[in-house]
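Asks: Can you keep this structure in mind? I'll have questions shortly.
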Amino acid sequence: MAREPVIFIGAGAWGTALAIAAAQRQPVLLWARDAAQAAQMQAQRVNARYLPAAPWPPALRAAGGDVAALQDALVHAELVVVATPMAALRPWLVWLGQALPAARRTHVPVAWLCKGFERAQTASGVGLLGHEVAAEVAPHLAVGVLSGPSFAQEVAAGLPTALVAASRSPVVRQALVAAWHGPALRLYANDDVVGVEVGGAVKNVMAIATGLCDGLALGHNARAALITRGLAEMTRLGVALGARAETFMGLSGLGDLVLTATGDLSRNRQVGLMLARGLTLAQAVASLGHVAEGVYSARTVAQRARVLGVRMPITDAVVALLDGTLQPREALAHLMARDPVAE
Ligand SMILES: NC(=O)c1ccc[n+]([C@@H]2O[C@H](COP(=O)([O-])OP(=O)(O)OC[C@H]3O[C@@H](n4cnc5c(N)ncnc54)[C@H](O)[C@@H]3O)[C@@H](O)[C@H]2O)c1
Ligand SMILES: O=P(O)(O)OC[C@H](O)CO
């Protein structure tokens, strides 16, 4: 039986790209929930559905469908990466909290790649960030998050990329750095998990706004204004949630905001561009074939901001756009019509 020390749960674009990168130095198991997709990937040595241009190294193995087999593989795991959309993080953390062997549960690092807030579970409840979900459902796990400006296709092509490994545990930060840091991928450790997660979630909402702005051909001045004011919104929310302000000037804040708001590989930016062209939200989401987390996080970002008394007018405009209460041009006009405030 194979004994891979690194296990990825979820075989989309980003999980596959980072699994390929990790498999340059140690055996990696990429587990897909769809058994047929796993079998196809294993036979073809490529993820044809989610990352077709990236051939697999020999040390990467695919498996899927069977959770019992995944549980067996955990016996030898030294690092577990949850590579699903945010919506699936909670159930997987619940499962890992039980499924990891009892003797190893508190020290095998469990990291996630998701960038978002959960959708609120109830009308009155608030949606959570990944580390808040972990604290709620599996507080005994040793957890962390990978973030930073990184398109899967570029990482898979071996292009230079800098990531952030965030955790309150120095052991987890070190394990994440050791798994990937090398000539193509540079990893920076950060203990400000709140700041790193808020940056990763809010930049997706801002990328929808910037895509909309560019799709309506409103010009470079407007784009620069949205990015800058978006950074201000992100920082205000993060600081109110306990983050350090300087984290937002780093890779997981400004860095990822600039990449996602301006790079056409961004699925969130593409949602904004498509809405500007007159597609409905359902059409835009369906045509992507990949998750655009900003669509699901925007309402929660606005909700968390409201609870904390934080002003987030761009986020509010994106929520109104996604809800269909404002049309694209109205959403941007709404922003420009606000009363003057100090910068
Ligand atoms: N693609 C990127 O460049 C990139 C970069 C950095 C971060 N991220 C973040 O990583 C996360 C995943 O993004 P992606 O690009 O891989 O998405 P994707 O849409 O390409 O793939 C998502 C994958 O998750 C799987 N999945 C969904 N629910 C699942 C569940 N309950 N159990 C197991 N698998 C499940 C899907 O089958 C699919 O394979 C997102 O939160 C995204 O914001 C993506
Ligand atoms: O394609 P997006 O918009 O999900 O962005 C991907 C990454 O998060 C960019 O860092």
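Just so we're on the same page: first chain in the structure tokens is A, next is B, and so on; residues restart at 1 for each chain, and ligands are numbered from 1 in the order they show up.
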From a backbone DSSP assignment, name each residue in range 139-235 of chain A labelled alpha helix (DSSP H), as number ranges by chain.
Replies: A: 152-156, 170-180, 193-215, 220-235
Asks: For the residues in that selection, give me C-alpha atoms as an mmCIF file, in the first residue's frame.
Replies:
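Output contents, as saved in again.cif:
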```cif
data_model
loop_
_atom_site.group_PDB
_atom_site.id
_atom_site.type_symbol
_atom_site.label_atom_id
_atom_site.label_comp_id
_atom_site.auth_asym_id
_atom_site.auth_seq_id
_atom_site.Cartn_x
_atom_site.Cartn_y
_atom_site.Cartn_z
ATOM 1 C CA ALA A 152 -3.089 27.978 -10.376
ATOM 2 C CA GLN A 153 -2.138 27.947 -14.066
ATOM 3 C CA GLU A 154 0.984 30.062 -13.432
ATOM 4 C CA VAL A 155 2.122 27.940 -10.496
ATOM 5 C CA ALA A 156 1.570 24.784 -12.563
ATOM 6 C CA PRO A 170 5.178 27.993 14.432
ATOM 7 C CA VAL A 171 5.354 24.234 13.792
ATOM 8 C CA VAL A 172 2.542 24.438 11.221
ATOM 9 C CA ARG A 173 4.066 27.512 9.561
ATOM 10 C CA GLN A 174 7.390 25.688 9.304
ATOM 11 C CA ALA A 175 5.771 22.542 7.844
ATOM 12 C CA LEU A 176 4.002 24.585 5.162
ATOM 13 C CA VAL A 177 7.152 26.481 4.232
ATOM 14 C CA ALA A 178 9.146 23.224 4.062
ATOM 15 C CA ALA A 179 6.586 21.580 1.765
ATOM 16 C CA TRP A 180 6.831 24.195 -0.995
ATOM 17 C CA VAL A 193 -4.196 34.407 10.514
ATOM 18 C CA VAL A 194 -7.097 36.872 10.777
ATOM 19 C CA GLY A 195 -5.388 39.400 8.495
ATOM 20 C CA VAL A 196 -4.327 36.782 5.949
ATOM 21 C CA GLU A 197 -7.834 35.271 5.795
ATOM 22 C CA VAL A 198 -9.648 38.621 5.599
ATOM 23 C CA GLY A 199 -7.347 39.687 2.748
ATOM 24 C CA GLY A 200 -7.973 36.464 0.828
ATOM 25 C CA ALA A 201 -11.737 36.743 1.220
ATOM 26 C CA VAL A 202 -12.303 40.452 0.616
ATOM 27 C CA LYS A 203 -10.035 40.708 -2.454
ATOM 28 C CA ASN A 204 -12.465 38.388 -4.280
ATOM 29 C CA VAL A 205 -15.349 40.804 -3.661
ATOM 30 C CA MET A 206 -13.203 43.710 -4.865
ATOM 31 C CA ALA A 207 -12.226 41.763 -8.001
ATOM 32 C CA ILE A 208 -15.899 41.432 -8.934
ATOM 33 C CA ALA A 209 -16.229 45.233 -8.560
ATOM 34 C CA THR A 210 -13.109 45.891 -10.646
ATOM 35 C CA GLY A 211 -14.194 43.466 -13.358
ATOM 36 C CA LEU A 212 -17.484 45.297 -13.526
ATOM 37 C CA CYS A 213 -15.718 48.658 -13.738
ATOM 38 C CA ASP A 214 -13.394 47.471 -16.518
ATOM 39 C CA GLY A 215 -16.234 45.715 -18.334
ATOM 40 C CA HIS A 220 -7.849 53.249 -15.427
ATOM 41 C CA ASN A 221 -8.562 56.062 -12.977
ATOM 42 C CA ALA A 222 -11.712 54.326 -11.758
ATOM 43 C CA ARG A 223 -9.904 50.978 -11.504
ATOM 44 C CA ALA A 224 -7.111 52.486 -9.388
ATOM 45 C CA ALA A 225 -9.694 54.164 -7.159
ATOM 46 C CA LEU A 226 -11.575 50.887 -6.633
ATOM 47 C CA ILE A 227 -8.413 48.968 -5.762
ATOM 48 C CA THR A 228 -7.250 51.643 -3.318
ATOM 49 C CA ARG A 229 -10.606 52.115 -1.633
ATOM 50 C CA GLY A 230 -11.042 48.330 -1.657
ATOM 51 C CA LEU A 231 -7.796 48.019 0.261
ATOM 52 C CA ALA A 232 -9.120 50.568 2.769
ATOM 53 C CA GLU A 233 -12.336 48.532 3.231
ATOM 54 C CA MET A 234 -10.404 45.278 3.623
ATOM 55 C CA THR A 235 -8.079 46.840 6.201
#
```
Asks: Please identify the residues whose atoms come within 7 Å of ligand 2, using only C-alpha atoms and all ligand atoms, and report them as a PyMOL selection string.
Replies: chain A and resi 115+148-151+200+204+207+256+259-260+265-269+291-293
Asks: Skipping near chain neighbours, those fewer than 2 positions away, what residues fall within 8 Å of range 28-39 of chain A using only C-alpha atoms, listed as a list in words?
Replies: Glu4, Pro5, Val6, Ile7, Phe8, Ile9, Gly10, Ala11, Gly15, Thr16, Ala19, Ala22, Ala23, Gln26, Met41, Gln42, Ala43, Ala59, Leu60, Arg61, Ala62, Ala63, Gly64, Gly65, Asp66 and Leu70 of chain A
Asks: Taking 3 positions as the minimum chain separation for residues in the same chain, which residues sit within 12 Å of range 319-322 of chain A when counting only C-alpha atoms? Answer as JSON, numbers by chain.
Replies: {"A": [205, 206, 208, 209, 212, 271, 272, 275, 276, 278, 279, 280, 281, 282, 284, 285, 294, 295, 296, 297, 298, 299, 300, 301, 302, 303, 312, 313, 314, 315, 316, 325, 326, 327, 328, 329, 330, 331, 332, 333, 334, 335]}
Asks: Tell me which of A:Leu100, A:Leu146, A:Ala120, A:Ala342 sits closest to ligand 1, counting only C-alpha atoms and all ligand atoms.
Replies: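 Residue with the minimum atom-to-atom distance to ligand 1: A:Leu146.
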